[in-house]
Amino acid sequence: MSEQRVAQLMSALDSAPAEPDPAFVSRLARRIRYEATEDADSSIAAIDENMEEPIMIDLEMDVTEQHASSRSPGRWSSAEVMRWAAALVLLAGIAVAVIVAIQDDDPTSVASDGPRAAVDRYFEAFNAGEADAVLSLLTSDAVLTERFGAVGDFFEFDRGDWEDEIVGFTSQGARLTPHACTETVDPAAEVTLFTCTYGFRDAPTLAVGAPSIPVSTLFAVTASGRINAIQVNYDPDESITDEGFVHVGRRFGRWLNANHPDFVDLAISDEFFGGRNQPALKPDRMCCESMSPTEIGELKLEYAQLWAVHLEENDCTYLDGC
Amino acid sequence: MDESHVSRGADADASLDGLTALYASQVVDVYGFVFRRCGGDVGLAEDITQETFVAAARHFRLNADVPSPAWLYQVARSRLIDHWRAEARKERKVRLVAGGRATQPASDPADVIVSGRRVVAALSELPATQHAALVLRYLDGYTTKDVATTLNRSVKATESLLARARRNLEAVYQEQDGE
């Protein structure tokens with residue numbers, strides 16, 4: 001769709017009828033008057049109309065019963081009830097905020113078994129497909145970088161892009177197979193560093209039973225047990241050959257082109273998945289993060305399922321060269 | 001009107017009249033502004049309209065100043081952006097749970113009567129981030145860079161997002177044409 005066409009369509013929005021409900025306008029008018037003047041009576045009338053009846057009745061009964069010894073129920077106005085309710089909500093909010101603050105500073109809150117537990121949980125949550133759990137292990141200012149191959153710069157992700165990538169991987173059922181982690185304490189940075197080697201397999205790789213991609217990743221874990229830096233190095237020894245990954249290389253690109261042509265321009269980077277020239281292509285690949293990596297994950301899953309069916313129908317294995 | 005309000009005096013009354021006049025003159029337009037941008041969701045349009053005018057009333061109470069119409073639209077737009085961001089997070093979770101694309105609410109054929117309504121309905125079919133990008137870019141005149149900043153994305157990522165949003169808008173719009 002051209003820019004002009006979109007502009008034409010969007011400008012048509014002005015002609016769409018959009019009349020508010022008169023009852024809503026009237027109700028809101030009373031609410032505005034209250035908010036501007038602290039006129040409790042007119043506010044309560046407005047709130048009464050907006051609130052669900054059972055909640056209002058229960059709330060009034062609870063508060064009046066609790067204070068029956070000193071005040072008769074009849075003396076409690078709606079305004080007083082609402083003030084009490086607001087105070088209770090405020091106190092509850094403060095309590096929650098305090099608990100959250102305490103948990104945030106509590107070294108045992110995330111990794112009660114030490115910094116290593118955070119790394120272990122990262123793998124566990126990733127393999128369980130729990131993107132939120134993975135992301136909850138990271139500090140809010142975590143620095144996240146990755147590189148393909150033995151040389152070249154590590155490219156830094158912003159948090160949103162990294163979250164998208166984790167969501168994309170977990171949604172397609174990608175798996176990490178940990179091999180080993182070595183620990184180094186960095187007193188200057190007040191973090192514990194773990195260099196972990198593991199194998200990474202995305203959905204197509206799992207479906208065809210192809211070898212995993214070797215990865216070496218550096219995790220920096222704070223004293224509070226949260227991860228504040230992850231440096232992922234895919235194929236650090238450059239051992240991957242394109243031949244071993246034909247199921248995700250140009251073949252995936254051709255499949256995309258045939259079945260989902262709309263996605264090709266956004267997902268084309270995956271055509272070079274596992275290639276030695278990844279670092280040079282990385283800037284282009286960054287363009288695709290926003291296509292919704294979940295959708296990339298879904299495409300890969302669809303592609304992987306077709307591969308699995310193909311292998312089963314032909315009673316063969318990918319590695320045997322069927 | 002209670003005694004405390006009366007004690008504010010004639011000036012306060014005059015200002016309050018100003019706020020009341022602002023409400024009377026703008027409530028329909030602010031509602032329409034939100035309604036057309038949020039895909040015709042009446043509940044959401046009412047919520048954001050209410051939040052906008054409540055914010056205006058509190059501004060008036062704290063500053064003894066009646067905000068301008070432009071101020072209202074800025075607040076409404078901010079609330080919409082907050083909503084889109086929240087929806088984007090929800091969509092992501094839905095997709096994780098469902099293992100597929102998030103289901104989209106079906107549009108009511110009765111809404112597809114005139115062009116404007118069709119665009120409103122088509123927008124409601126798009127994922128929140130695409131919806132937001134189109135509105136900000138083509139309705140509110142944001143630059144791609146501004147859209148990227150608002151949606152917390154890189155410029156490159158936003159260009160891709162807009163490209164997909166344009167394609168999807170056309171596709172959904174054409175589907176309605178065939179119904």
# chains A, B, ... in the order shown; residues from 1 in each chain; ligands from 1
>>> interface_residues(of="chain B", to="chain A", cutoff="6 Å", atoms="only C-alpha atoms", output="list in words")
Gly32, Val54, Ala57, Arg58, Arg61, Leu96, Gly116, Arg117, Tyr138, Lys156, Ala157, Leu161, Arg166 and Arg167 of chain B
>>> write_last_selection(atoms="N, CA and C atoms", output="PDB file, in the first residue's frame")
ATOM      1  N   GLY B  32     -14.599  11.810  20.070  1.00  0.00           N
ATOM      2  CA  GLY B  32     -14.430  11.413  18.664  1.00  0.00           C
ATOM      3  C   GLY B  32     -12.969  11.198  18.310  1.00  0.00           C
ATOM      4  N   VAL B  54     -10.942  14.327  33.662  1.00  0.00           N
ATOM      5  CA  VAL B  54     -10.626  14.295  35.097  1.00  0.00           C
ATOM      6  C   VAL B  54      -9.252  14.925  35.320  1.00  0.00           C
ATOM      7  N   ALA B  57      -9.709  18.578  35.188  1.00  0.00           N
ATOM      8  CA  ALA B  57     -10.324  19.123  36.402  1.00  0.00           C
ATOM      9  C   ALA B  57      -9.325  19.199  37.538  1.00  0.00           C
ATOM     10  N   ARG B  58      -8.483  18.197  37.649  1.00  0.00           N
ATOM     11  CA  ARG B  58      -7.459  18.218  38.706  1.00  0.00           C
ATOM     12  C   ARG B  58      -6.412  19.300  38.437  1.00  0.00           C
ATOM     13  N   ARG B  61      -8.006  22.418  39.595  1.00  0.00           N
ATOM     14  CA  ARG B  61      -8.058  22.528  41.054  1.00  0.00           C
ATOM     15  C   ARG B  61      -6.690  22.891  41.636  1.00  0.00           C
ATOM     16  N   LEU B  96       2.014 -16.243  23.182  1.00  0.00           N
ATOM     17  CA  LEU B  96       2.791 -17.273  23.867  1.00  0.00           C
ATOM     18  C   LEU B  96       1.888 -18.387  24.367  1.00  0.00           C
ATOM     19  N   GLY B 116     -15.212   6.005   6.399  1.00  0.00           N
ATOM     20  CA  GLY B 116     -14.594   6.281   7.700  1.00  0.00           C
ATOM     21  C   GLY B 116     -14.802   5.141   8.677  1.00  0.00           C
ATOM     22  N   ARG B 117     -15.997   4.625   8.677  1.00  0.00           N
ATOM     23  CA  ARG B 117     -16.284   3.504   9.585  1.00  0.00           C
ATOM     24  C   ARG B 117     -15.477   2.275   9.219  1.00  0.00           C
ATOM     25  N   TYR B 138       0.247   8.787  10.370  1.00  0.00           N
ATOM     26  CA  TYR B 138      -0.590   9.340   9.295  1.00  0.00           C
ATOM     27  C   TYR B 138      -1.743  10.214   9.776  1.00  0.00           C
ATOM     28  N   LYS B 156      14.800   2.022  12.320  1.00  0.00           N
ATOM     29  CA  LYS B 156      14.747   0.943  11.338  1.00  0.00           C
ATOM     30  C   LYS B 156      13.585   0.003  11.644  1.00  0.00           C
ATOM     31  N   ALA B 157      13.475  -0.328  12.914  1.00  0.00           N
ATOM     32  CA  ALA B 157      12.408  -1.247  13.322  1.00  0.00           C
ATOM     33  C   ALA B 157      11.047  -0.630  13.038  1.00  0.00           C
ATOM     34  N   LEU B 161       7.912  -1.837  10.825  1.00  0.00           N
ATOM     35  CA  LEU B 161       6.588  -1.928  11.442  1.00  0.00           C
ATOM     36  C   LEU B 161       5.549  -1.196  10.594  1.00  0.00           C
ATOM     37  N   ARG B 166       0.954  -0.959   6.915  1.00  0.00           N
ATOM     38  CA  ARG B 166       0.314  -0.482   5.680  1.00  0.00           C
ATOM     39  C   ARG B 166      -0.261  -1.659   4.896  1.00  0.00           C
ATOM     40  N   ARG B 167       0.545  -2.711   4.784  1.00  0.00           N
ATOM     41  CA  ARG B 167       0.061  -3.893   4.033  1.00  0.00           C
ATOM     42  C   ARG B 167      -1.165  -4.500   4.709  1.00  0.00           C
TER      43      ARG B 167
END
>>> closest_residue(among="B:Val28, B:Leu16, B:Ala55, B:Leu123", to="B:Ala171", atoms="only C-alpha atoms")
B:Leu123
>>> atom_distance(atom1="atom CA of A:Leu311", atom2="atom CA of A:Pro204")
12.0 Å
>>> atom_distance(atom1="atom CA of A:Thr197", atom2="atom CA of A:Ser216")
4.4 Å
